[in-house]
Each structure stands twice: as structure tokens, then as C-alpha cells.
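Next comes data_19.cif, a file with mmCIF, C-alpha atoms.
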```
data_target
#
loop_
_atom_site.label_atom_id
_atom_site.label_comp_id
_atom_site.auth_asym_id
_atom_site.auth_seq_id
_atom_site.Cartn_x
_atom_site.Cartn_y
_atom_site.Cartn_z
CA MET A 1 0.00 0.00 0.00
CA TRP A 2 2.67 2.53 1.02
CA HIS A 3 4.84 2.31 -2.02
CA ILE A 4 7.44 5.07 -1.76
CA GLU A 5 9.60 6.13 -4.68
CA PRO A 6 12.41 8.39 -3.42
CA GLU A 7 13.25 9.60 -6.94
CA LYS A 8 9.72 11.04 -7.20
CA GLY A 9 10.04 13.90 -4.75
CA PRO A 10 9.74 14.31 -0.99
CA ILE A 11 8.34 11.32 0.85
CA TYR A 12 5.98 13.41 3.02
CA ALA A 13 4.23 14.60 -0.16
CA GLN A 14 3.95 11.03 -1.47
CA ILE A 15 2.31 9.90 1.78
CA ALA A 16 -0.10 12.87 1.78
CA ALA A 17 -0.98 12.14 -1.87
CA GLU A 18 -1.60 8.46 -1.09
CA VAL A 19 -3.98 9.37 1.75
CA LYS A 20 -5.92 11.55 -0.73
CA ARG A 21 -6.02 8.72 -3.26
CA MET A 22 -7.38 6.40 -0.54
CA LEU A 23 -10.13 8.95 0.16
CA ALA A 24 -10.91 9.28 -3.54
CA ARG A 25 -11.16 5.48 -3.90
CA GLY A 26 -13.33 5.15 -0.81
CA GLU A 27 -10.71 3.08 1.06
CA LEU A 28 -10.67 5.77 3.71
CA ARG A 29 -13.79 7.66 4.80
CA PRO A 30 -14.61 10.91 6.59
CA GLY A 31 -14.30 10.47 10.36
CA GLU A 32 -11.95 7.50 10.11
CA LYS A 33 -8.69 7.32 12.00
CA LEU A 34 -5.34 7.26 10.24
CA PRO A 35 -2.65 4.91 11.55
CA SER A 36 -0.30 6.43 14.12
CA ALA A 37 2.73 8.12 12.58
CA ARG A 38 4.92 5.40 14.09
CA ALA A 39 2.79 2.55 12.69
CA LEU A 40 2.70 4.05 9.21
CA ALA A 41 6.45 4.77 9.35
CA GLU A 42 7.15 1.17 10.30
CA GLU A 43 4.95 -0.18 7.52
CA ALA A 44 6.40 2.10 4.84
CA ARG A 45 9.97 1.85 6.19
CA VAL A 46 10.23 5.63 6.43
CA ASN A 47 11.30 8.04 9.12
CA PRO A 48 8.55 8.83 11.67
CA ASN A 49 9.39 12.56 11.34
CA THR A 50 8.41 12.31 7.68
CA VAL A 51 4.98 10.88 8.50
CA VAL A 52 4.42 13.63 11.09
CA HIS A 53 5.24 16.12 8.30
CA ALA A 54 2.77 14.41 5.94
CA TYR A 55 0.01 14.56 8.57
CA ALA A 56 0.73 18.24 9.22
CA GLU A 57 0.39 18.91 5.50
CA LEU A 58 -2.96 17.06 5.36
CA GLU A 59 -4.15 19.06 8.35
CA ARG A 60 -3.05 22.31 6.69
CA GLU A 61 -5.10 21.34 3.62
CA GLY A 62 -8.16 20.79 5.82
CA ILE A 63 -8.31 17.05 5.16
CA THR A 64 -7.43 15.71 8.59
CA GLU A 65 -7.53 16.91 12.18
CA THR A 66 -5.58 15.91 15.25
CA ARG A 67 -7.58 14.99 18.32
CA ARG A 68 -5.41 15.40 21.35
CA GLY A 69 -4.38 12.05 22.77
CA LEU A 70 -6.49 10.17 20.23
CA GLY A 71 -4.63 10.55 16.96
CA THR A 72 -5.20 11.86 13.45
CA PHE A 73 -8.67 11.60 11.86
CA VAL A 74 -10.14 12.41 8.47
CA ARG A 75 -12.37 15.46 8.97
CA GLU A 76 -16.11 14.82 8.77
CA ASP A 77 -16.55 17.82 6.47
CA VAL A 78 -13.87 16.78 3.98
CA ASP A 79 -14.97 17.27 0.36
CA VAL A 80 -14.35 13.78 -1.03
CA GLU A 81 -15.98 14.69 -4.37
CA ALA A 82 -13.49 17.52 -4.92
CA ILE A 83 -10.56 15.23 -4.06
CA ARG A 84 -11.90 12.53 -6.40
CA ARG A 85 -12.32 15.13 -9.15
CA ARG A 86 -8.69 16.29 -8.75
CA GLU A 87 -7.46 12.67 -8.89
CA LEU A 88 -9.48 12.12 -12.04
CA GLU A 89 -8.10 15.28 -13.65
CA ALA A 90 -4.54 14.23 -12.79
CA ALA A 91 -5.15 10.80 -14.35
CA ALA A 92 -6.68 12.45 -17.44
CA ARG A 93 -3.69 14.76 -17.82
CA GLY A 94 -1.36 11.76 -17.60
CA TYR A 95 -3.34 9.96 -20.29
CA LEU A 96 -3.45 13.04 -22.50
CA ARG A 97 0.34 13.48 -22.21
CA ALA A 98 0.83 9.89 -23.41
CA VAL A 99 -1.59 10.48 -26.31
CA LEU A 100 0.13 13.72 -27.35
CA ALA A 101 3.51 11.99 -27.22
CA LEU A 102 2.13 9.57 -29.83
CA GLY A 103 1.35 12.51 -32.10
CA LEU A 104 -2.43 12.17 -31.55
CA GLY A 105 -4.93 14.62 -30.13
CA PRO A 106 -7.75 14.85 -27.54
CA ASP A 107 -10.33 13.55 -30.03
CA ALA A 108 -8.38 10.34 -30.61
CA ALA A 109 -7.88 10.06 -26.88
CA ALA A 110 -11.62 10.34 -26.14
CA LYS A 111 -12.53 7.92 -28.93
CA VAL A 112 -10.08 5.22 -27.77
CA LEU A 113 -11.13 5.73 -24.17
CA SER A 114 -14.78 5.04 -24.99
CA GLU A 115 -13.86 2.02 -27.14
CA VAL A 116 -11.70 0.54 -24.41
CA SER A 117 -14.49 1.22 -21.88
CA VAL A 118 -16.92 -0.78 -24.02
CA ASP A 119 -14.38 -3.64 -24.23
CA ALA A 120 -13.94 -3.56 -20.48
CA GLY A 121 -17.69 -3.93 -20.08
CA MET B 122 23.42 19.59 18.89
CA LEU B 123 23.78 16.18 20.48
CA VAL B 124 26.86 15.23 18.50
CA GLU B 125 29.59 17.61 17.41
CA MET B 126 32.87 16.90 15.69
CA SER B 127 35.14 19.77 14.83
CA GLU B 128 38.17 19.51 12.60
CA VAL B 129 38.77 15.89 13.61
CA THR B 130 41.73 14.17 11.99
CA ARG B 131 42.83 10.58 12.47
CA ARG B 132 45.78 8.91 10.78
CA PHE B 133 46.90 5.30 10.61
CA GLY B 134 50.61 5.32 9.86
CA GLY B 135 50.94 7.45 6.76
CA THR B 136 47.26 7.18 5.81
CA VAL B 137 44.84 9.92 6.74
CA ALA B 138 41.56 8.08 7.40
CA VAL B 139 39.62 11.09 8.64
CA ASP B 140 40.79 14.51 7.53
CA GLY B 141 39.59 17.63 9.35
CA LEU B 142 36.03 16.34 9.65
CA THR B 143 33.39 18.71 11.01
CA LEU B 144 29.90 17.45 11.75
CA ALA B 145 26.95 18.50 13.93
CA LEU B 146 23.97 16.21 14.50
CA PRO B 147 20.83 17.19 16.42
CA GLU B 148 18.74 14.97 18.67
CA GLY B 149 16.07 12.84 17.06
CA GLU B 150 17.72 12.45 13.68
CA VAL B 151 18.46 9.31 11.75
CA VAL B 152 21.65 9.99 9.85
CA GLY B 153 22.93 8.00 6.89
CA LEU B 154 26.72 8.08 6.78
CA LEU B 155 27.42 7.39 3.13
CA GLY B 156 30.49 6.95 1.02
CA THR B 157 32.42 4.52 -1.10
CA ASN B 158 34.79 1.98 0.47
CA GLY B 159 37.70 3.68 2.24
CA ALA B 160 35.91 7.02 2.60
CA GLY B 161 36.47 6.95 6.39
CA LYS B 162 32.97 5.98 7.56
CA SER B 163 34.05 3.23 9.98
CA THR B 164 36.82 5.36 11.43
CA THR B 165 34.35 8.22 11.91
CA LEU B 166 31.94 5.90 13.76
CA LYS B 167 34.76 4.62 16.00
CA LEU B 168 35.82 8.22 16.74
CA LEU B 169 32.19 9.05 17.62
CA ALA B 170 32.06 5.93 19.79
CA GLY B 171 35.18 7.01 21.70
CA LEU B 172 36.96 3.82 20.65
CA LEU B 173 39.53 5.78 18.66
CA TYR B 174 41.05 9.08 19.71
CA PRO B 175 41.56 11.89 17.23
CA ASP B 176 45.08 13.02 16.35
CA ALA B 177 43.69 16.55 16.05
CA GLY B 178 40.36 18.21 16.67
CA GLU B 179 37.69 16.98 19.03
CA GLY B 180 34.39 15.20 19.17
CA ARG B 181 31.64 15.84 21.70
CA LEU B 182 28.48 14.08 22.78
CA ASP B 183 26.21 16.36 24.79
CA GLY B 184 29.30 18.49 25.46
CA ALA B 185 31.49 15.66 26.77
CA PRO B 186 34.30 13.82 24.95
CA PRO B 187 32.98 10.53 23.53
CA ARG B 188 35.34 8.42 25.67
CA ARG B 189 33.69 9.86 28.81
CA ALA B 190 30.20 9.50 27.34
CA ARG B 191 30.57 5.81 26.36
CA GLY B 192 27.78 4.83 28.73
CA ALA B 193 25.38 6.75 26.51
CA ILE B 194 26.67 5.33 23.22
CA ALA B 195 25.53 2.04 21.69
CA PHE B 196 27.91 0.92 18.96
CA LEU B 197 27.41 -1.90 16.48
CA PRO B 198 30.73 -2.56 14.74
CA GLU B 199 30.75 -3.82 11.17
CA ARG B 200 32.26 -7.18 12.04
CA GLY B 201 31.23 -7.57 15.63
CA GLN B 202 33.27 -10.15 17.53
CA MET B 203 31.27 -11.97 20.13
CA TYR B 204 31.67 -15.09 22.21
CA GLU B 205 30.59 -18.10 20.14
CA TRP B 206 28.99 -19.86 23.11
CA LEU B 207 26.77 -16.89 23.77
CA ASP B 208 23.04 -17.54 23.53
CA VAL B 209 20.02 -15.34 24.19
CA LYS B 210 20.02 -15.96 27.94
CA GLY B 211 23.78 -15.58 28.25
CA ALA B 212 23.71 -12.40 26.18
CA ALA B 213 20.96 -10.83 28.29
CA GLY B 214 23.09 -11.54 31.39
CA LEU B 215 26.32 -10.29 29.84
CA PHE B 216 24.92 -7.09 28.33
CA GLY B 217 22.91 -6.40 31.48
CA THR B 218 26.17 -6.48 33.46
CA LEU B 219 28.14 -4.43 30.93
CA TYR B 220 25.51 -1.76 30.26
CA PRO B 221 23.25 -0.29 32.95
CA ASP B 222 20.89 0.96 30.20
CA PHE B 223 20.36 -2.54 28.74
CA ARG B 224 16.64 -3.49 28.64
CA PRO B 225 16.28 -7.29 28.71
CA GLU B 226 12.52 -7.19 27.86
CA ARG B 227 13.23 -5.00 24.83
CA PHE B 228 16.02 -7.37 23.80
CA HIS B 229 13.57 -10.29 23.78
CA GLU B 230 10.96 -8.27 21.88
CA LEU B 231 13.53 -7.26 19.28
CA LEU B 232 14.75 -10.84 18.89
CA GLY B 233 11.14 -11.82 18.21
CA GLN B 234 10.58 -8.96 15.80
CA LEU B 235 13.81 -9.78 13.95
CA GLU B 236 13.02 -13.51 14.06
CA VAL B 237 16.27 -14.58 15.65
CA PRO B 238 16.21 -18.25 16.74
CA SER B 239 17.03 -19.28 20.31
CA ARG B 240 20.39 -20.90 19.87
CA SER B 241 24.01 -19.99 20.47
CA LEU B 242 25.87 -17.69 18.09
CA ALA B 243 27.98 -20.63 16.92
CA GLN B 244 24.85 -22.21 15.44
CA MET B 245 23.54 -19.10 13.74
CA SER B 246 23.74 -18.04 10.10
CA LYS B 247 25.44 -14.79 9.17
CA GLY B 248 22.11 -12.95 8.89
CA GLN B 249 20.90 -14.31 12.23
CA ARG B 250 24.12 -13.21 13.95
CA ALA B 251 23.78 -9.74 12.44
CA ARG B 252 20.21 -9.45 13.75
CA PHE B 253 21.19 -10.84 17.15
CA LEU B 254 23.90 -8.20 17.58
CA LEU B 255 21.62 -5.45 16.27
CA ALA B 256 18.93 -6.47 18.78
CA ALA B 257 21.51 -6.31 21.59
CA THR B 258 22.61 -2.84 20.44
CA LEU B 259 19.10 -1.43 20.09
CA ALA B 260 18.04 -2.96 23.43
CA ARG B 261 20.21 -0.36 25.14
CA LYS B 262 18.57 2.94 25.98
CA ALA B 263 21.39 5.07 24.62
CA ARG B 264 21.52 8.69 23.47
CA LEU B 265 23.62 7.87 20.43
CA TYR B 266 23.37 4.72 18.32
CA LEU B 267 26.21 4.06 15.92
CA LEU B 268 25.55 1.25 13.46
CA ASP B 269 28.29 0.29 11.05
CA GLU B 270 26.74 -1.43 8.01
CA PRO B 271 23.75 -2.92 9.83
CA LEU B 272 22.30 -3.94 6.42
CA GLY B 273 25.53 -5.40 5.06
CA GLY B 274 25.61 -8.95 3.73
CA VAL B 275 22.03 -9.84 4.62
CA ASP B 276 19.22 -10.90 2.31
CA LEU B 277 16.38 -8.66 1.20
CA ILE B 278 13.82 -9.89 3.73
CA THR B 279 16.28 -9.53 6.60
CA ARG B 280 17.12 -6.02 5.42
CA ASP B 281 13.45 -5.15 5.40
CA ARG B 282 13.00 -6.49 8.95
CA ILE B 283 16.01 -4.55 10.17
CA LEU B 284 14.68 -1.30 8.67
CA ALA B 285 11.29 -1.88 10.33
CA ALA B 286 13.01 -2.58 13.66
CA LEU B 287 15.02 0.64 13.36
CA VAL B 288 11.86 2.66 12.70
CA SER B 289 10.03 1.05 15.62
CA GLU B 290 12.98 1.76 17.95
CA TRP B 291 13.38 5.40 16.96
CA ARG B 292 13.13 7.87 19.88
CA GLU B 293 13.24 11.62 19.57
CA ASP B 294 15.75 12.02 22.40
CA ALA B 295 18.35 9.88 20.64
CA THR B 296 20.44 10.19 17.49
CA TYR B 297 21.06 7.31 15.10
CA VAL B 298 24.02 7.22 12.76
CA LEU B 299 24.25 4.34 10.34
CA SER B 300 26.72 3.70 7.59
CA THR B 301 25.41 1.71 4.68
CA HIS B 302 26.03 0.85 1.07
CA GLU B 303 22.33 0.04 0.65
CA VAL B 304 21.48 3.68 0.00
CA ALA B 305 18.39 3.18 -2.14
CA GLU B 306 16.84 0.65 0.27
CA ALA B 307 17.55 2.65 3.41
CA GLU B 308 17.11 6.26 2.34
CA GLY B 309 13.48 6.47 3.45
CA ILE B 310 14.50 6.24 7.10
CA PHE B 311 17.15 8.99 6.94
CA ASP B 312 16.49 12.52 8.15
CA ARG B 313 19.92 13.47 6.96
CA ALA B 314 22.48 12.14 4.53
CA VAL B 315 26.15 12.80 5.20
CA PHE B 316 28.34 12.06 2.20
CA MET B 317 32.00 11.30 2.89
CA LYS B 318 34.90 11.20 0.50
CA GLU B 319 38.58 10.79 1.34
CA GLY B 320 38.03 11.35 5.05
CA ARG B 321 35.98 14.51 4.65
CA VAL B 322 32.33 15.46 4.63
CA VAL B 323 31.53 16.64 1.11
CA LEU B 324 27.82 17.16 1.70
CA SER B 325 25.47 17.02 4.68
CA ALA B 326 21.87 17.54 3.61
CA SER B 327 18.31 16.85 4.69
CA ALA B 328 17.09 13.80 2.75
CA GLU B 329 13.68 15.39 2.12
CA GLU B 330 15.30 18.62 0.88
CA LEU B 331 17.38 16.63 -1.60
CA ARG B 332 14.21 14.97 -2.85
CA GLU B 333 12.42 18.35 -2.92
CA ARG B 334 15.13 19.46 -5.34
CA GLY B 335 14.35 16.43 -7.48
CA GLN B 336 17.12 14.11 -6.36
CA SER B 337 16.85 10.94 -4.31
CA VAL B 338 19.63 10.31 -1.81
CA ALA B 339 20.84 7.49 -4.07
CA GLN B 340 21.00 9.87 -7.05
CA ALA B 341 22.82 12.49 -4.96
CA PHE B 342 25.27 9.77 -3.89
CA ARG B 343 26.16 9.07 -7.52
CA GLU B 344 26.49 12.75 -8.36
CA VAL B 345 28.50 13.79 -5.31
CA LEU B 346 30.80 10.80 -4.99
CA ALA B 347 31.37 9.64 -8.56
#
```
Rewrite the structure from the file as C-alpha cells, please.
Amino acid sequence: MWHIEPEKGPIYAQIAAEVKRMLARGELRPGEKLPSARALAEEARVNPNTVVHAYAELEREGITETRRGLGTFVREDVDVEAIRRRELEAAARGYLRAVLALGLGPDAAAKVLSEVSVDAG
Amino acid sequence: MLVEMSEVTRRFGGTVAVDGLTLALPEGEVVGLLGTNGAGKSTTLKLLAGLLYPDAGEGRLDGAPPRRARGAIAFLPERGQMYEWLDVKGAAGLFGTLYPDFRPERFHELLGQLEVPSRSLAQMSKGQRARFLLAATLARKARLYLLDEPLGGVDLITRDRILAALVSEWREDATYVLSTHEVAEAEGIFDRAVFMKEGRVVLSASAEELRERGQSVAQAFREVLA
């Protein structure tokens, strides 16, 4: 789950991004508790300071809150739809980049996407 | 700063192993001491441990010379010599006598976590011995942990277990310095990377800041030390 790639930027940002992806996929829900910084650090084999930094970043973005003595929780009022939309846009941009690199345009991209979707049922 | 070394030089005969090395490490950091073979990493760790004395300059742990602060330093040498007859029970007794900060319960927990079998050292594989000695080192409640190649010569699964054990042992009132050649595997646990070349520190940088600038610690290693 916590797959860290050090050549892809700071680890705290990768952890924060993964928490957002989990929210977007419904693997993590508003009100749920995140693992303790130590537990996540152990699982991902990263420095506990880095996880604390990731949680601070999520709190700054209004996604999580710290309850004294209890841990870090996803806020009840978090806008999951907005997070899901941003994930979708990021995925779409990635796909579009690959299409453009092939010398094709957005129309070809949309057409193939719908064809593949039909194939996938 | 918990650890300070200023202008430390150490020679062996005509060879300068550590050459005017200056280093300051705060509490709570996990520090990767990185460099190619012969860069002076082991000598630096022994100087920090108070097992070698500098020819010039000085090292300090919490303001005291390392040789007077040895009680607060847990050192895992690269090729640790240990009595072959020693088993878990014997080790707990021996280390408990040698080190007032040795925690026998923690030792047993770490042996479990690192999956070290209950037999004597003579009957253990290389990887099992390495984990046994690491467990004994981490079972001390030291201020400074010095680990010379704790990931050296062990298989991938063992390496993974050792990294997890290091993370679970981390305390913010202690400093951890580990030398390793397994930069890519270990870099996630470093707060700081200290790159050594020819007995000197060529770069000391926050691991996350390196990555922020688009370079993993492993990539920086290649760039700085090639």
C-alpha cells in the first residue's frame, strides 16, 4: 500500500498524496482514523518525522484533524468529491500526455477511451 | 546539537583516514553516513564511539568527549566479535552487566521482531548473527546509536526487517548514525544524509530537501561521490 519512490520527490508529499487517493477510492472515509505516525512509518519503512510532516500537510489542507491524545482523523466535512475530481483530472492529464507523445490529439484520446471502456464492459 | 565533531583528523601510519572532519547532528535524527569503500565511515563511527582518539580536533556528545560518554553510546561494529557460546540468555546476562541501560525485555521483543532463533551464536547463520547483535545494540537505551553497516551482507527480507526494527525503535531524544552501502533501500528512514569522500564530509543535507530538489539520496550519492 505505502509504495514510496524516493526519486519522485519528498516522501511526506507522497504519503499525503496516497492518503488523498485512498479517500478518492473510498478506502478511507470521513471520520476515520489514520494509523499512528509510528505505525505508518514502520509499515512504509520511512522516518517517523516524515509521516508527522505528511500529517501536518494534510491538516493544513483541511483534510485531517488531530484529536489530542487520540490521533489523526479524516475530517467529517472533507470534500471527497473535490478530491476525487482532482485525482481524475490528474489521471486524465497523464493519459493526455501519453496520447500527445504519440502525435495524436484529444479527439483520438476520447474515442479510444470510450472504445476501451466498451471492451472492459 | 547532540553530537559535534570539529576539525577531527585521524591517521593510521601514513594514511589519513579522517581529515579535518566537522559534523553536527541534532537529537532525534536518523543519519545516513554514506560513502564509497575507504571514505572513512568506519573510522568516523569509532571516533564518535570514543573507541579511537583523534590526532587533532575533538568530538563531543552532549558536550562531553565521547570516551567519557561511552555509557550513553551504543555501537554496532561492522564485524562484531562476540563469544561463540553466547546464547540469548547468556547475552541478556552479559549485556545487562556491561551496560546499565540494557533493557532485557526489549532485547527479547527485538529478537522476536527480527526472528532470531534461540540458539548460540555458533549455530547461527550470518544474517541471524547480524540481527542478534543489532537487537543487543538497540536494546540499550542510549543517546547515540552508531551502526556500522547494519544492512551489510544480509538478504532482502532480513534487510526489510532490520529497517522496520530501526523505525520502531526510533526515539526523539536519541540520534542514530548508520553507515550503509544500501542507500536506495535505506534512504526512506534517513532525516539526513552525510556524504564522505577521502576522510571529509563533502555534503550534509536533509534527505527530504534533496528529494524536494528532485534528487533521491541514491541519485545524490552518484552525483556527489562519482
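Between A:Val19 and the candidates A:Glu81, A:Leu104, A:Glu43, A:Tyr55, the tightest atom-to-atom separation, counting all atoms listed in the file, involves A:Tyr55.
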Atom CA of A:Thr66 to atom CA of A:Ala39 measures 16.0 Å
task: Would you kindly translate the PyMOL selection byres ((chain B) within 10 of (chain A)) into the concrete residues it picks from this file, as number ranges by chain?
output: B: 149-151, 281-293, 305-312, 328-340
What's around B:Leu144 at 12 Å? Count all atoms listed in the file, leave out sequence neighbours fewer than 2 positions away in its own chain, and write the answer as a PyMOL selection string.
chain B and resi 122-129+141-142+146-147+152+154+165-166+169+178-182+298+313-317+321-326
**Asked** Leaving out stretch 83-93 of chain A and any residue of its chain fewer than 4 positions from it, which residues lie within 10 Å of it when counting all atoms listed in the file, given as an NGL selection string?
**Response** :A and (17 or 20-26 or 63 or 78-79 or 97-99 or 109)
- prompt: If you apply the PyMOL selection byres ((chain B and resi 188-193) around 12) to this file, what residues do you get, as a ChimeraX atom specification?
  reply: /B:123-124,167-175,179-187,194-196,219-223,258,261-267,294-296
Neighbouring residues of stretch 197-213 of chain B were defined as those with any atom within 10 Å, considering only C-alpha atoms; residues of the same chain fewer than 2 positions away were excluded. Please report them as JSON, numbers by chain. {"B": [163, 166, 167, 170, 194, 195, 215, 216, 217, 218, 219, 223, 224, 225, 226, 228, 229, 232, 237, 238, 239, 240, 241, 242, 243, 244, 245, 250, 251, 253, 254, 255, 256, 257, 258, 259, 260, 266, 267, 268, 269, 270, 271, 272, 273, 299, 300]}
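Across the structure, atom CA of B:Val139 and atom CA of B:Val275 are spaced 27.6 Å apart.
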| said: Selection in question (the file shown): the PyMOL selection byres ((chain A and resi 62) around 10). Which residues does it include, as a PyMOL selection string? | reply: chain A and resi 56-61+63-65+74-75+77-79
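The coordinates place atom CA of B:Thr136 at 24.2 Å from atom CA of B:Phe342.
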